[in-house]
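Down below is the structure, laid out as structure tokens.
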Amino acid sequence: MNKIFLVARREFTVRVRKKSFFVLTLLAPLLLALVAVTPLIIVSLKSSDVNVVAVVDDSRSFDTVLISSDALHFAVLQNVDIGELSKNFDALGYYAVLHIGALNDKGEPQEVKFYSTKQVNLEVQQAVIGMLSREVERRKQQAYSIPQLSQIMQDLQTNLHAATIKWSDDGAEQSTHVGIAMGISYASAFLMYMFILIFGGMVMRGVIEEKVNRIVEVIISSVKPFQLMMGKILGVAAVGLLQFALWIVLTLLFVGVLGLLFTLLGDLAGGTAGAGTAQSSIPGGLPGVGGLNMLGYLSGFNFTWITTCFVLFFLGGYLFYSSLFAAVGSAVEAESDTQQLMIPITIPLILGIFVMLNTFQYPDNSLSFWCSLIPLTSPMIMMARIPFDVPVWQVLLSLGILYASFTGVAWVSGRIYRVGILMYGKKSSFKEMWKWIRYK
Amino acid sequence: MSYILQAESIVKQYVGHRALDEVSIAVPQGSIFGLLGPNGAGKTTLIRIINRITAPDSGAVYFDGSKMKANDVYNIGYLPEERGLYRKMRVGEQALYLAQLKGLSVYEARKRLRYWFTKLDIMPWWSKKVEELSKGMAQKVQLAVTVLHEPKLLIFDEPFSGFDPINTEIIKNEILALREKGSTIIFSTHNMASVEELCDSLALINQGHCVLHGALSEVRSSYGSLQYELRYTGDSEKLALAIAPSFTVSERRQESGLQVAIVNATDGADANLLLQNTLKVVKVEYFARLTPSMHDIFIAAVAAGKSSEGH
């Protein structure tokens, strides 16, 4: 046991001290945080910029219709020639010039045109067109002089929403958001797949390194092969768990810091641009509302439970698969020879991804149920099911099966490993490995 | 004589071939024991069985008088022929790790490593990475780690590979010093000159069989036919006639004015008879019995194995 610890400690310290570990640990949360914060930044950048649109209205009937907002101001100009404006457009500092043509017999403007030196933003166009067409609609309705028409029109408006309520076993109601559940389901299953491949591969490369450099020959007289294998597997597991923990902490930290930073910057920008206007000093206000909404939905999920399950299933799945990876590593003399032997490892993993695509839509059908119990796929499929609330007994059963089968797999892998690491110049095949398992 | 290690009737069968067939060796306490044999003879398999890396199909290994137990490997230091280190690790750190795996405490390991590193002149490399070491340097590190836990039995497989003559001499003296301190050394090599120089006894394994076993002097004197070297002045033809039929001249040459003849004895005729007959016809300047070199013994033994295979 002490030997296993010594081996594991070496594996752990050597890997954690690598530059690549440091970079990956720092970079991944930074990227995640950027992905999370960027939309907010984009929204805030837009709102801190005030665009002024000059309006030339031939009919003079839309003056009061165009209402300025935080980001969009309208300046109604009278008796100006558009050709004249184009000459000193830059000096005037307008974002664009809006030309509303004379009305036709239907009461619609004959033409609506934007003039600018730059591409006029689609949002600005939509806002203007929206305001104009609503006004024209209103005037048309009035022209029919049907009493209470606007009331009727409002009554006709239909807007249906479906809410999903899940009954828990004790009959309590819990509102869920299927979209978010699907997102969490997909993300955690996919992360699981990647983690198992990344850290399992790490074990395999470590085994190959020891074998090719003949380090095994030196060590093997003082450590049993099984201890060496388990030490390596556990050491890399510790690296994986540390990295995962750091990723969670750092991502939260970076999101916090970036969020704060962008709020400060937004305030600063708002303060200088908007000078006196009070309404421009709340750039964070709009995205904040959306964020709150989202938070409300997210609070419906028990993240402690999901994270705990993720760690337990990652550990189990990793132990299960990395034993197989270790056996493959011991049987070859170069990483390029692993392909054939890797097939039985990668096929169930890829199969798991395919089942997962079904699971996150139908988390409770029998395919999902059974695949969340079979240890080859259970780490991924159970993680895909957990955001949709899986009975605790199923989770525990799945974990039990996973860890129990790990001991079996470790035993078989250990037998392949102990022969493989000292075997050179033999073509490694499944037949050969089967023989190794049965050696005395 | 007491034996530190005895292997009795070891059999190891691999699929398709028998690596060891009823091999028995006995290594006397406090000696240097040569384990010889051509490539693929089964030496490494035997060493792995002694180290309990693999188990024999049948046969038994006795260590220090009693049947070998799992813990006995702590009393063995093994320097394998194919040996490596983690390339990316620092030298000292790695030596400490390997020493701890042998059961030494960090404190004890550090103390002893400092002693050996200083002795082998590799202390300045303590905090360098292994990949920066030359092959000879790396070999020294491995040698230090092998002997660090002061085992009763040391197994060196080709310890001199990668060393220049100066370092070979240093290592050779270290091995002899270890024997002086009471260690027993099993020494596997293809370098027959160093066998003659270092070994007290030896075993020669060929194709899974132990074909020669015993003290070096016994093996040498028992092996091959009796041969004598004569240096003389006089008529070679007369000499040949005078010593026949009990002796035949197998080789004849001239060297610094003297005739040199290599004479083979047939039917176990002894040296007195040869000298009596020789003195009658020529003037003898030099007479010696030739013992076969380990090199010749090795080749003859392996060749004998080949020819017996043919029948």
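Every chain in the structure tokens takes a letter, A first, then B, and so on in the order presented; its residues are numbered from 1, and the ligands are numbered from 1 following the presented order.
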From range 68-145 of chain A, collect each residue whose DSSP state is alpha helix (DSSP H) and return the set as an MDAnalysis selection string. chainID A and resid 82:87 89:92 122:144
Output the selection as a compact mmCIF listing (two decimals), in the first residue's frame - N, CA and C atoms for each residue.
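Output contents, as saved in selection_29.txt:
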# COMPACT_ATOMS: atom_id res chain seq x y z
N ILE A 82 -31.27 66.63 -48.39
CA ILE A 82 -30.46 65.45 -48.07
C ILE A 82 -29.11 65.51 -48.74
N GLY A 83 -29.10 66.07 -49.95
CA GLY A 83 -27.82 66.24 -50.66
C GLY A 83 -26.88 67.11 -49.87
N GLU A 84 -27.47 68.14 -49.23
CA GLU A 84 -26.66 69.05 -48.42
C GLU A 84 -26.04 68.31 -47.22
N LEU A 85 -26.90 67.47 -46.60
CA LEU A 85 -26.44 66.71 -45.42
C LEU A 85 -25.27 65.79 -45.76
N SER A 86 -25.36 65.18 -46.92
CA SER A 86 -24.33 64.20 -47.29
C SER A 86 -22.96 64.86 -47.37
N LYS A 87 -22.95 66.18 -47.69
CA LYS A 87 -21.65 66.85 -47.87
C LYS A 87 -20.92 67.02 -46.55
N PHE A 89 -21.72 65.41 -43.61
CA PHE A 89 -22.26 64.37 -42.71
C PHE A 89 -21.32 64.10 -41.53
N ASP A 90 -20.06 63.96 -41.84
CA ASP A 90 -19.09 63.62 -40.79
C ASP A 90 -19.01 64.71 -39.73
N ALA A 91 -19.03 65.96 -40.20
CA ALA A 91 -18.91 67.08 -39.28
C ALA A 91 -20.11 67.15 -38.34
N LEU A 92 -21.28 66.75 -38.84
CA LEU A 92 -22.49 66.83 -38.02
C LEU A 92 -22.54 65.75 -36.94
N LEU A 122 -28.69 46.64 -38.02
CA LEU A 122 -29.98 45.98 -38.27
C LEU A 122 -30.97 46.30 -37.15
N GLU A 123 -30.47 46.38 -35.94
CA GLU A 123 -31.35 46.65 -34.80
C GLU A 123 -31.99 48.03 -34.91
N VAL A 124 -31.14 48.99 -35.34
CA VAL A 124 -31.65 50.35 -35.51
C VAL A 124 -32.74 50.36 -36.58
N GLN A 125 -32.46 49.67 -37.67
CA GLN A 125 -33.45 49.60 -38.76
C GLN A 125 -34.76 49.01 -38.26
N GLN A 126 -34.63 47.88 -37.52
CA GLN A 126 -35.84 47.21 -37.05
C GLN A 126 -36.62 48.08 -36.09
N ALA A 127 -35.90 48.79 -35.20
CA ALA A 127 -36.57 49.65 -34.24
C ALA A 127 -37.37 50.73 -34.96
N VAL A 128 -36.72 51.36 -35.95
CA VAL A 128 -37.38 52.46 -36.68
C VAL A 128 -38.58 51.93 -37.46
N ILE A 129 -38.37 50.85 -38.20
CA ILE A 129 -39.45 50.28 -39.01
C ILE A 129 -40.62 49.86 -38.13
N GLY A 130 -40.27 49.28 -36.97
CA GLY A 130 -41.31 48.87 -36.03
C GLY A 130 -42.18 50.04 -35.61
N MET A 131 -41.52 51.12 -35.20
CA MET A 131 -42.27 52.29 -34.73
C MET A 131 -43.14 52.88 -35.84
N LEU A 132 -42.56 52.95 -37.04
CA LEU A 132 -43.30 53.53 -38.16
C LEU A 132 -44.50 52.67 -38.55
N SER A 133 -44.27 51.36 -38.64
CA SER A 133 -45.38 50.53 -39.12
C SER A 133 -46.50 50.43 -38.09
N ARG A 134 -46.11 50.45 -36.80
CA ARG A 134 -47.17 50.44 -35.78
C ARG A 134 -48.04 51.70 -35.91
N GLU A 135 -47.36 52.82 -36.19
CA GLU A 135 -48.11 54.08 -36.30
C GLU A 135 -49.04 54.05 -37.52
N VAL A 136 -48.50 53.52 -38.64
CA VAL A 136 -49.32 53.46 -39.85
C VAL A 136 -50.51 52.53 -39.62
N GLU A 137 -50.23 51.39 -38.95
CA GLU A 137 -51.31 50.44 -38.63
C GLU A 137 -52.41 51.13 -37.82
N ARG A 138 -51.92 51.87 -36.82
CA ARG A 138 -52.88 52.55 -35.92
C ARG A 138 -53.76 53.51 -36.72
N ARG A 139 -53.12 54.25 -37.63
CA ARG A 139 -53.88 55.23 -38.43
C ARG A 139 -54.89 54.52 -39.31
N LYS A 140 -54.49 53.38 -39.88
CA LYS A 140 -55.40 52.63 -40.76
C LYS A 140 -56.61 52.15 -39.97
N GLN A 141 -56.33 51.61 -38.78
CA GLN A 141 -57.44 51.14 -37.95
C GLN A 141 -58.41 52.26 -37.68
N GLN A 142 -57.85 53.44 -37.39
CA GLN A 142 -58.69 54.60 -37.10
C GLN A 142 -59.56 54.95 -38.29
N ALA A 143 -58.99 54.79 -39.48
CA ALA A 143 -59.70 55.16 -40.70
C ALA A 143 -60.96 54.33 -40.88
N TYR A 144 -60.98 53.11 -40.37
CA TYR A 144 -62.20 52.29 -40.51
C TYR A 144 -63.30 52.76 -39.57
Identify all chain B residues at most 7 Å from chain A by counting only C-alpha atoms; ligands do not count. Present them as a PyMOL selection string. chain B and resi 51+53+55+78-80+82-86+101-102
Go ahead and write the residues just picked, all heavy atoms, as a CSV table (one decimal), in the first residue's frame.
chain,number,residue,atom,x,y,z
B,51,ASN,N,14.5,-12.7,-8.8
B,51,ASN,CA,14.0,-11.4,-8.2
B,51,ASN,C,12.5,-11.5,-8.0
B,51,ASN,O,11.9,-10.5,-7.6
B,51,ASN,CB,14.2,-10.3,-9.3
B,51,ASN,CG,15.5,-9.6,-9.0
B,51,ASN,OD1,15.8,-9.2,-7.9
B,51,ASN,ND2,16.4,-9.6,-10.0
B,53,ILE,N,10.2,-11.6,-10.0
B,53,ILE,CA,9.4,-10.8,-11.0
B,53,ILE,C,8.4,-11.8,-11.7
B,53,ILE,O,7.3,-11.5,-12.0
B,53,ILE,CB,10.3,-10.1,-12.0
B,53,ILE,CG1,11.1,-9.0,-11.2
B,53,ILE,CG2,9.5,-9.4,-13.1
B,53,ILE,CD1,12.2,-8.4,-12.1
B,55,ALA,N,7.3,-16.1,-11.8
B,55,ALA,CA,7.4,-17.3,-11.0
B,55,ALA,C,7.8,-18.5,-11.9
B,55,ALA,O,7.4,-18.6,-13.0
B,55,ALA,CB,6.0,-17.6,-10.3
B,78,TYR,N,19.2,-5.3,-7.9
B,78,TYR,CA,19.2,-5.8,-9.3
B,78,TYR,C,19.5,-4.6,-10.2
B,78,TYR,O,18.7,-3.6,-10.2
B,78,TYR,CB,17.9,-6.5,-9.5
B,78,TYR,CG,17.7,-6.9,-11.0
B,78,TYR,CD1,18.8,-7.4,-11.8
B,78,TYR,CD2,16.5,-6.8,-11.6
B,78,TYR,CE1,18.6,-7.8,-13.1
B,78,TYR,CE2,16.2,-7.2,-12.9
B,78,TYR,CZ,17.3,-7.7,-13.6
B,78,TYR,OH,17.1,-8.1,-14.9
B,79,LEU,N,20.5,-4.7,-11.0
B,79,LEU,CA,20.8,-3.8,-12.0
B,79,LEU,C,20.6,-4.5,-13.4
B,79,LEU,O,21.4,-5.3,-13.8
B,79,LEU,CB,22.3,-3.3,-11.9
B,79,LEU,CG,22.7,-2.2,-12.9
B,79,LEU,CD1,22.1,-0.9,-12.6
B,79,LEU,CD2,24.2,-2.1,-12.9
B,80,PRO,N,19.4,-4.2,-14.0
B,80,PRO,CA,19.1,-5.0,-15.2
B,80,PRO,C,19.9,-4.5,-16.4
B,80,PRO,O,20.5,-3.4,-16.4
B,80,PRO,CB,17.6,-4.6,-15.5
B,80,PRO,CG,17.4,-3.4,-14.7
B,80,PRO,CD,18.4,-3.3,-13.6
B,82,GLU,N,18.9,-3.9,-19.6
B,82,GLU,CA,18.2,-2.8,-20.2
B,82,GLU,C,17.6,-2.0,-19.1
B,82,GLU,O,16.7,-2.4,-18.3
B,82,GLU,CB,17.0,-3.4,-21.0
B,82,GLU,CG,17.3,-4.4,-22.1
B,82,GLU,CD,17.7,-3.6,-23.4
B,82,GLU,OE1,17.8,-2.4,-23.3
B,82,GLU,OE2,17.8,-4.3,-24.4
B,83,ARG,N,18.2,-0.8,-18.9
B,83,ARG,CA,17.8,0.0,-17.8
B,83,ARG,C,17.6,1.4,-18.2
B,83,ARG,O,18.3,1.9,-19.1
B,83,ARG,CB,18.9,-0.1,-16.7
B,83,ARG,CG,20.3,0.0,-17.1
B,83,ARG,CD,21.3,-0.3,-16.0
B,83,ARG,NE,22.6,-0.2,-16.5
B,83,ARG,CZ,23.4,-1.3,-16.7
B,83,ARG,NH1,22.9,-2.5,-16.7
B,83,ARG,NH2,24.6,-1.1,-17.1
B,84,GLY,N,16.7,2.1,-17.6
B,84,GLY,CA,16.4,3.5,-17.9
B,84,GLY,C,15.9,4.2,-16.7
B,84,GLY,O,15.7,3.7,-15.7
B,85,LEU,N,15.8,5.5,-16.9
B,85,LEU,CA,15.3,6.4,-15.9
B,85,LEU,C,14.3,7.4,-16.5
B,85,LEU,O,14.2,7.5,-17.7
B,85,LEU,CB,16.5,7.3,-15.4
B,85,LEU,CG,17.6,6.5,-14.7
B,85,LEU,CD1,18.8,7.4,-14.5
B,85,LEU,CD2,17.2,6.0,-13.3
B,86,TYR,N,13.5,8.0,-15.7
B,86,TYR,CA,12.5,9.0,-16.2
B,86,TYR,C,13.3,10.2,-16.7
B,86,TYR,O,14.0,10.8,-16.0
B,86,TYR,CB,11.6,9.4,-15.1
B,86,TYR,CG,10.7,8.3,-14.6
B,86,TYR,CD1,10.9,7.7,-13.4
B,86,TYR,CD2,9.5,8.0,-15.3
B,86,TYR,CE1,10.1,6.7,-12.9
B,86,TYR,CE2,8.7,7.0,-14.9
B,86,TYR,CZ,9.0,6.3,-13.7
B,86,TYR,OH,8.2,5.3,-13.2
B,101,LEU,N,11.4,3.4,-2.9
B,101,LEU,CA,10.8,2.2,-3.3
B,101,LEU,C,11.4,0.9,-2.7
B,101,LEU,O,10.8,-0.1,-2.6
B,101,LEU,CB,10.7,2.1,-4.8
B,101,LEU,CG,9.7,3.0,-5.5
B,101,LEU,CD1,9.8,2.8,-7.0
B,101,LEU,CD2,8.3,2.8,-5.0
B,102,LYS,N,12.7,1.0,-2.5
B,102,LYS,CA,13.5,-0.1,-1.9
B,102,LYS,C,13.3,-0.2,-0.4
B,102,LYS,O,13.8,-1.0,0.3
B,102,LYS,CB,15.0,0.1,-2.2
B,102,LYS,CG,15.3,0.2,-3.6
B,102,LYS,CD,16.0,-1.1,-4.1
B,102,LYS,CE,16.4,-0.8,-5.5
B,102,LYS,NZ,16.6,-2.1,-6.2
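Residues within 12 Å of Asp337 in chain A, counting only C-alpha atoms and excluding same-chain residues fewer than 3 positions away, are Met204, Arg205, Ile208, Val328, Gly329, Ser330, Ala331, Val332, Glu333, Ala334, Gln340, Leu341, Met342, Ile343, Lys426, Lys427, Ser428 and Ser429 of chain A.
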Residue neighbourhood Asn173 in chain B, 12 Å, only C-alpha atoms, exclusion window fewer than 5 positions, as a list of chain:residue names: B:Lys119, B:Leu120, B:Phe160, B:Ile166, B:Asn167, B:Thr168, B:Leu178, B:Arg179, B:Glu180, B:Ser194, B:Glu197, B:Leu198
